Every structure is written in structure tokens, then in C-alpha cells.
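Quick look at upload.tsv (TSV, C-alpha atoms):
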```tsv
chain	number	residue	atom	x	y	z
A	1	MET	CA	140.07	92.29	135.28
A	2	ARG	CA	139.82	95.78	133.82
A	3	ARG	CA	140.56	95.91	130.09
A	4	LYS	CA	143.20	98.27	128.80
A	5	PRO	CA	141.89	100.99	126.49
A	6	LEU	CA	142.59	100.47	122.82
A	7	PRO	CA	145.33	102.52	121.20
A	8	ASN	CA	144.06	105.47	119.18
A	9	ASN	CA	144.86	103.80	115.83
A	10	ASP	CA	142.89	100.67	116.81
A	11	ARG	CA	139.95	102.85	117.89
A	12	ILE	CA	139.93	104.57	114.51
A	13	ILE	CA	139.99	101.20	112.72
A	14	CYS	CA	137.12	99.84	114.87
A	15	ILE	CA	135.02	102.98	114.29
A	16	ALA	CA	135.69	102.77	110.55
A	17	LYS	CA	134.64	99.10	110.48
A	18	LEU	CA	131.48	99.86	112.47
A	19	ASP	CA	130.62	102.73	110.11
A	20	LEU	CA	131.09	100.41	107.12
A	21	ILE	CA	128.84	97.74	108.66
A	22	ILE	CA	126.11	100.34	109.35
A	23	LYS	CA	126.32	101.61	105.76
A	24	ILE	CA	126.05	98.06	104.38
A	25	ILE	CA	122.94	97.43	106.52
A	26	VAL	CA	121.34	100.72	105.46
A	27	TRP	CA	122.13	100.13	101.78
A	28	SER	CA	120.63	96.64	102.04
A	29	ILE	CA	117.29	97.70	103.56
A	30	PRO	CA	115.59	98.61	100.22
A	31	THR	CA	116.71	95.32	98.69
A	32	ILE	CA	115.55	93.32	101.71
A	33	VAL	CA	112.18	95.10	101.78
A	34	ALA	CA	111.72	94.55	98.05
A	35	ALA	CA	112.62	90.88	98.43
A	36	VAL	CA	110.06	90.48	101.23
A	37	PHE	CA	107.39	92.09	99.06
A	38	GLN	CA	108.39	89.91	96.12
A	39	LEU	CA	108.18	86.74	98.21
A	40	GLY	CA	105.20	87.62	100.37
A	41	PHE	CA	103.02	89.54	97.94
A	42	GLY	CA	104.59	89.57	94.52
A	43	LEU	CA	103.96	85.91	93.92
A	44	LEU	CA	100.36	86.76	93.09
A	45	VAL	CA	101.38	88.18	89.78
A	46	VAL	CA	99.55	89.01	86.61
A	47	TRP	CA	98.79	85.98	84.35
A	48	ALA	CA	99.48	83.68	87.26
A	49	GLY	CA	97.91	80.76	89.08
A	50	PRO	CA	98.10	82.19	92.61
A	51	PRO	CA	100.58	82.23	94.14
A	52	PHE	CA	102.76	81.24	91.15
A	53	VAL	CA	103.78	82.65	87.78
A	54	THR	CA	103.05	79.25	86.24
A	55	ASP	CA	99.34	78.68	85.69
A	56	ASP	CA	97.11	75.61	85.75
A	57	PRO	CA	94.24	74.28	83.58
A	58	GLU	CA	91.63	74.06	86.35
A	59	PRO	CA	88.84	76.64	85.87
A	60	SER	CA	86.56	78.08	88.51
A	61	GLU	CA	83.59	75.89	89.35
A	62	TYR	CA	80.45	76.39	87.28
A	63	ARG	CA	78.46	79.43	88.51
A	64	HIS	CA	81.06	80.17	91.21
A	65	TRP	CA	83.04	83.39	91.70
A	66	GLU	CA	86.68	83.83	92.69
A	67	ILE	CA	87.76	87.31	93.80
A	68	VAL	CA	91.39	87.99	94.75
A	69	ALA	CA	92.99	91.22	96.00
A	70	ALA	CA	96.77	91.15	95.72
A	71	SER	CA	99.89	93.24	95.26
A	72	GLN	CA	102.73	92.67	92.81
A	73	ASN	CA	106.02	94.40	93.59
A	74	SER	CA	109.43	94.23	91.96
A	75	LYS	CA	112.78	96.00	92.21
A	76	ASP	CA	115.46	96.12	89.53
A	77	ARG	CA	118.34	98.40	88.57
A	78	ASP	CA	115.90	100.98	87.16
A	79	GLY	CA	113.77	101.32	90.32
A	80	LEU	CA	110.55	100.01	91.86
A	81	SER	CA	107.27	99.09	90.14
A	82	GLY	CA	104.18	97.01	90.73
A	83	THR	CA	100.51	97.03	91.66
A	84	ALA	CA	99.01	98.34	94.88
A	85	PRO	CA	96.68	96.58	94.69
A	86	HIS	CA	95.23	94.65	91.76
A	87	PHE	CA	91.90	92.83	91.76
A	88	GLU	CA	91.40	89.49	90.02
A	89	ILE	CA	87.88	88.28	89.26
A	90	ASN	CA	87.11	84.79	87.89
A	91	TYR	CA	83.71	83.28	87.13
A	92	GLY	CA	82.72	79.77	86.00
A	93	VAL	CA	80.41	80.75	83.17
A	94	TRP	CA	80.01	77.16	81.84
A	95	PRO	CA	81.29	73.76	82.96
A	96	ASN	CA	85.05	73.74	82.25
A	97	VAL	CA	85.00	77.40	81.13
A	98	GLN	CA	86.13	80.37	83.23
A	99	LEU	CA	85.98	84.10	82.46
A	100	HIS	CA	88.86	86.13	83.86
A	101	LEU	CA	89.54	89.83	84.58
A	102	ILE	CA	92.37	91.67	86.35
A	103	VAL	CA	91.95	95.36	87.22
A	104	PRO	CA	95.22	96.88	88.51
A	105	LEU	CA	96.16	100.08	90.29
A	106	SER	CA	99.79	100.41	89.23
A	107	TYR	CA	102.80	102.43	90.38
A	108	ILE	CA	106.30	103.10	89.12
A	109	SER	CA	109.16	104.74	91.02
A	110	PRO	CA	112.20	105.07	88.74
A	111	ASN	CA	115.58	105.93	90.19
A	112	ASP	CA	115.93	108.92	87.86
A	113	ASP	CA	112.31	110.15	87.66
A	114	SER	CA	109.25	110.96	89.77
A	115	PHE	CA	106.77	108.53	91.31
A	116	HIS	CA	103.59	107.74	89.33
A	117	TYR	CA	100.45	105.92	90.49
A	118	GLY	CA	97.20	105.19	88.67
A	119	PHE	CA	95.12	102.77	86.65
A	120	GLY	CA	97.17	100.10	84.85
A	121	ASP	CA	96.65	97.74	81.91
A	122	MET	CA	93.66	95.42	82.38
A	123	GLU	CA	93.90	91.70	81.65
A	124	LEU	CA	91.09	89.67	80.07
A	125	GLY	CA	91.05	85.91	79.53
A	126	VAL	CA	89.11	82.70	79.08
A	127	LYS	CA	90.25	79.40	80.62
A	128	TYR	CA	88.99	76.24	78.92
A	129	ARG	CA	89.72	72.72	80.20
A	130	PHE	CA	89.32	70.24	77.33
A	131	ILE	CA	90.71	67.06	78.96
A	132	GLN	CA	89.44	65.90	82.36
A	133	GLU	CA	91.78	64.35	84.91
A	134	THR	CA	91.55	60.61	85.64
A	135	ASN	CA	93.70	58.20	87.64
A	136	LEU	CA	96.14	57.96	84.73
A	137	VAL	CA	95.44	61.01	82.57
A	138	PRO	CA	96.22	64.61	83.61
A	139	GLN	CA	93.78	67.43	83.00
A	140	VAL	CA	94.72	69.74	80.13
A	141	GLY	CA	93.48	73.19	79.18
A	142	THR	CA	94.29	76.51	77.60
A	143	PHE	CA	94.05	80.03	79.02
A	144	PRO	CA	94.42	82.74	76.33
A	145	LEU	CA	94.99	86.21	77.82
A	146	VAL	CA	94.86	89.72	76.40
A	147	ASP	CA	96.41	92.77	78.10
A	148	VAL	CA	94.39	95.87	77.22
A	149	PRO	CA	96.38	99.17	77.24
A	150	THR	CA	94.17	101.03	79.72
A	151	GLY	CA	97.15	102.42	81.67
A	152	ASN	CA	98.92	105.68	80.85
A	153	SER	CA	102.04	104.54	78.97
A	154	SER	CA	103.58	108.05	79.00
A	155	ARG	CA	103.73	107.82	82.81
A	156	GLY	CA	105.03	104.24	82.77
A	157	LEU	CA	101.73	102.75	84.01
A	158	GLY	CA	101.01	100.71	80.87
A	159	SER	CA	102.63	99.24	77.79
A	160	GLY	CA	100.63	101.26	75.27
A	161	HIS	CA	100.02	98.12	73.20
A	162	VAL	CA	97.67	95.13	73.18
A	163	LYS	CA	99.57	92.02	74.32
A	164	ALA	CA	98.34	88.42	74.03
A	165	PHE	CA	99.37	85.09	75.56
A	166	ILE	CA	98.45	81.68	74.10
A	167	PRO	CA	99.37	78.79	76.47
A	168	ILE	CA	98.72	75.12	77.17
A	169	TRP	CA	98.57	73.99	80.83
A	170	ILE	CA	98.68	70.48	82.34
A	171	GLN	CA	97.92	69.32	85.89
A	172	LYS	CA	97.99	66.02	87.82
A	173	SER	CA	97.24	65.28	91.48
A	174	TRP	CA	98.18	62.38	93.77
A	175	GLY	CA	96.71	62.61	97.26
A	176	PRO	CA	98.07	65.79	98.89
A	177	TRP	CA	100.46	66.46	95.97
A	178	THR	CA	99.65	68.53	92.88
A	179	THR	CA	101.94	69.34	89.98
A	180	PHE	CA	101.11	71.62	87.06
A	181	GLY	CA	102.79	73.58	84.31
A	182	GLY	CA	103.30	74.07	80.62
A	183	GLY	CA	103.92	77.21	78.62
A	184	GLY	CA	102.96	79.41	75.75
A	185	TYR	CA	103.78	82.27	73.42
A	186	TRP	CA	103.50	85.99	74.22
A	187	ILE	CA	102.70	88.39	71.37
A	188	ASN	CA	104.48	91.51	72.58
A	189	PRO	CA	104.26	94.46	70.11
A	190	GLY	CA	106.06	97.75	70.61
A	191	SER	CA	109.31	99.50	69.82
A	192	ASP	CA	112.29	97.25	70.64
A	193	ASN	CA	109.90	94.59	72.04
A	194	LYS	CA	110.08	90.95	70.98
A	195	ASN	CA	107.55	88.13	71.03
A	196	TYR	CA	108.72	85.55	73.54
A	197	TRP	CA	108.11	82.09	75.01
A	198	PHE	CA	107.29	81.28	78.62
A	199	VAL	CA	107.72	77.80	80.18
A	200	GLY	CA	107.11	76.94	83.83
A	201	TRP	CA	106.42	74.05	86.19
A	202	ALA	CA	105.21	73.98	89.81
A	203	VAL	CA	104.80	71.40	92.57
A	204	GLN	CA	102.74	71.95	95.71
A	205	ARG	CA	101.59	69.92	98.70
A	206	ASP	CA	98.63	70.26	101.06
A	207	LEU	CA	100.09	70.22	104.56
A	208	SER	CA	96.61	70.42	106.09
A	209	LYS	CA	93.08	71.51	105.18
A	210	THR	CA	94.18	75.13	105.54
A	211	VAL	CA	97.85	75.27	104.45
A	212	THR	CA	99.41	74.50	101.04
A	213	LEU	CA	103.09	75.10	100.19
A	214	GLY	CA	104.93	74.76	96.90
A	215	GLY	CA	107.58	75.99	94.51
A	216	GLU	CA	108.16	76.50	90.80
A	217	LEU	CA	110.80	76.99	88.12
A	218	PHE	CA	110.17	79.13	85.03
A	219	TYR	CA	111.99	80.36	81.92
A	220	THR	CA	111.36	83.12	79.36
A	221	THR	CA	113.12	83.90	76.12
A	222	PRO	CA	114.18	87.57	75.56
A	223	LYS	CA	111.31	90.08	75.72
A	224	MET	CA	113.20	93.00	74.16
A	225	LYS	CA	115.98	93.53	71.67
A	226	GLY	CA	119.31	93.23	73.44
A	227	ASP	CA	117.76	91.37	76.38
A	228	SER	CA	118.80	87.90	77.50
A	229	SER	CA	116.61	84.97	78.48
A	230	GLN	CA	115.55	84.72	82.12
A	231	THR	CA	115.31	81.77	84.50
A	232	GLY	CA	113.74	82.07	87.93
A	233	PHE	CA	111.98	80.33	90.79
A	234	ASN	CA	109.28	81.14	93.32
A	235	VAL	CA	108.33	79.65	96.66
A	236	GLY	CA	104.85	80.35	97.98
A	237	GLY	CA	101.84	79.12	99.86
A	238	ILE	CA	98.08	79.28	100.19
A	239	LEU	CA	96.18	79.81	103.43
A	240	ASN	CA	92.50	78.78	103.26
A	241	PHE	CA	90.57	80.57	105.99
A	242	THR	CA	87.37	78.69	105.10
A	243	GLU	CA	86.37	75.80	102.86
A	244	ASP	CA	84.88	78.35	100.44
```

C-alpha cells encoding of this file:
Amino acid sequence: MRRKPLPNNDRIICIAKLDLIIKIIVWSIPTIVAAVFQLGFGLLVVWAGPPFVTDDPEPSEYRHWEIVAASQNSKDRDGLSGTAPHFEINYGVWPNVQLHLIVPLSYISPNDDSFHYGFGDMELGVKYRFIQETNLVPQVGTFPLVDVPTGNSSRGLGSGHVKAFIPIWIQKSWGPWTTFGGGGYWINPGSDNKNYWFVGWAVQRDLSKTVTLGGELFYTTPKMKGDSSQTGFNVGGILNFTED
């Protein structure tokens, strides 16, 4: 049966609805892309135990290197920012002691300003595990970090101040399951900045020798005057291409 053509008014309404749907899709693309970056790449963030914001007390093995290339991307009401990429280097300098360095190439793309890209603030740290894990006792350690203002703060690529983080981390494993977390205090100098607390906890499971999946919850007190506290979660995974 041949359909009757729509009246002109109905055609106008349908075209208007279609135009609105297209606009909604187009407006949503930047948010969707940013969300994909945040989930797929942004989980390897600064001061994190990859792929989570929450860290763990387990240092690199003695005389072993860990080298990670990653990207951290975020979108908020002010625009886009992140690293593209940053390089994390860890080395087990002594048993239960790890040296840590992050060297970032940072970018910022504000809504009301021009795009900037260049060297960002470096991160230095030492992870020290002072309680070993047993069948009943979790492993416990600390991982003090210092952010060195090597980025150009006038271009938005650095904070312009030395920041420091003093945490305690705990971890326990049962078969394929591992849970870890804790928290610490950020010393955050600067105009309108505030020192703040971070608390987080993660759970992950080895699905096979190559795939690990997990999730975390975390909370921070206000970082700046007039800010509110923040609560968030991440879901991420690890893919081991080799046993090394």
C-alpha cells in the first residue's frame, strides 16, 4: 500500500525534530570523545597506581625497571587539558624501595583562550614498603611525592609551585583478587589553593594470565577556596603482553 504524503505542517515538525536530534548528537561528540579518553587513557594518571588514581604499597622489584608511556586527558567546563604523552619511570633501587619519576608533555585548550603544549611539571617520589604481606597481614607502605614546577605556569602548563603528597597505602591479595587503598595529605601552595586530603580504595581481579580488570572509589576534600569536595570512581584494566 502506498503511503499518503504527510501534510506540510507535519513535514515541518519532522524536519525540526530531525534537526534537533542532529544538533544533540553533534553537541555530544566532544563530551563522548573526552569520556572515551578519560576511560581508555586517562586512568593512567599522575600519582596513580596504573590504571587507577588510588595507589598501592608494592614497589618495583629490586634492580628492575618499570617504564610506562601514557596519556591523561580531562574535560571540564573550562576546556580540555592533559598529557600527550607522559612517561613514568620506576626502579627498584633497594629491596622494598622504589625510585619514581614522571616526565610529562602537557597541553591545555581553554574554551576562551588559545591552545598551549609543552613540558609540564615533573613528579618525583620514593615508595617504601615497611610491612610485608602474609596470609593474615596486608602489606603496608608509603609513597611520598613531590611535583616540581618545571612547566610554564603562565601558559597553564604547570602550577608554578612545589606540591607534595604524603600517603599511606595498604594491599591484600587472595588468589586472583587484590584490594588496595588508603590515602594521604596534599600540600598545595598557591593563590586561592588549599591543602587537601585524598582517600581511595580499589579492587581488581585477574581474569587470566594476561587480563586484569578492576574498579575504585575515591574522595578529595576541596583543593581551592570556594571549591567543594569531590567523589569519583574509575573502571580500568591491565593487559600483560608478556610475563615481563

Practice problem: In Å, rounded to a single decimal, give me how far CA of Val235 in chain A is from CA of Ser81 in chain A. | Solution: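 Taking CA of Ser81 in chain A and CA of Val235 in chain A, their separation equals 20.5 Å.
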
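Comparing the minimum interatomic distances between Asp206 in chain A and each of A:Ser173, A:Val162, A:Gly151, A:Leu80, counting only C-alpha atoms, we find that A:Ser173 sits nearest.
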
Quiz prompt | Polymer residues at most 7 Å from Asp147 in chain A, all atoms listed in the file, same-chain spacing of 3 or more positions, as a PyMOL selection string | solution = chain A and resi 121-124+162-164

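Distances here use all atoms listed in the file; by that measure, the residue among A:Thr210, A:Ser74, A:Ser228, A:Gln139 closest to Pro110 in chain A is A:Ser74.
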
Self-check item: Atom pair CA of Ser229 in chain A / CA of Ile166 in chain A: separation (Å)
Solution: 19.0 Å

Determine, counting all atoms listed in the file, which protein, DNA and RNA residues have an atom within 12 Å of an atom of Gly175 in chain A; residues of the same chain fewer than 5 positions away are not included. Present the result as a short mmCIF file (atom, residue, chain, number, x, y, z; two decimals) with C-alpha atoms, keeping the file's coordinate frame.
```cif
data_model
loop_
_atom_site.label_atom_id
_atom_site.label_comp_id
_atom_site.auth_asym_id
_atom_site.auth_seq_id
_atom_site.Cartn_x
_atom_site.Cartn_y
_atom_site.Cartn_z
CA ASN A 135 93.70 58.20 87.64
CA GLN A 204 102.74 71.95 95.71
CA ARG A 205 101.59 69.92 98.70
CA ASP A 206 98.63 70.26 101.06
CA LEU A 207 100.09 70.22 104.56
CA SER A 208 96.61 70.42 106.09
#
```

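For the set A:Asn90, A:Leu213, A:Leu105, A:Val97, the residue with the smallest atom-to-atom gap to Ser71 in chain A is A:Leu105, counting all atoms listed in the file.
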
Quiz prompt | Nearest-residue call for Ile170 in chain A, choices A:Ser114, A:Leu239, A:Glu58, A:Phe233, using only C-alpha atoms | solution = A:Glu58

Quiz item: Could you work out how far CA of Leu157 in chain A lies from CA of Tyr117 in chain A, giving the answer in Å with one decimal?
Solution: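 So the two atoms, CA of Tyr117 in chain A and CA of Leu157 in chain A, lie 7.3 Å apart.
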
Quiz item: So which residues touch Asn195 in chain A within 10 Å, counting only C-alpha atoms, skipping near sequence neighbours fewer than 5 positions away, as a PyMOL selection string?
Solution: chain A and resi 163-165+185-190+221-224
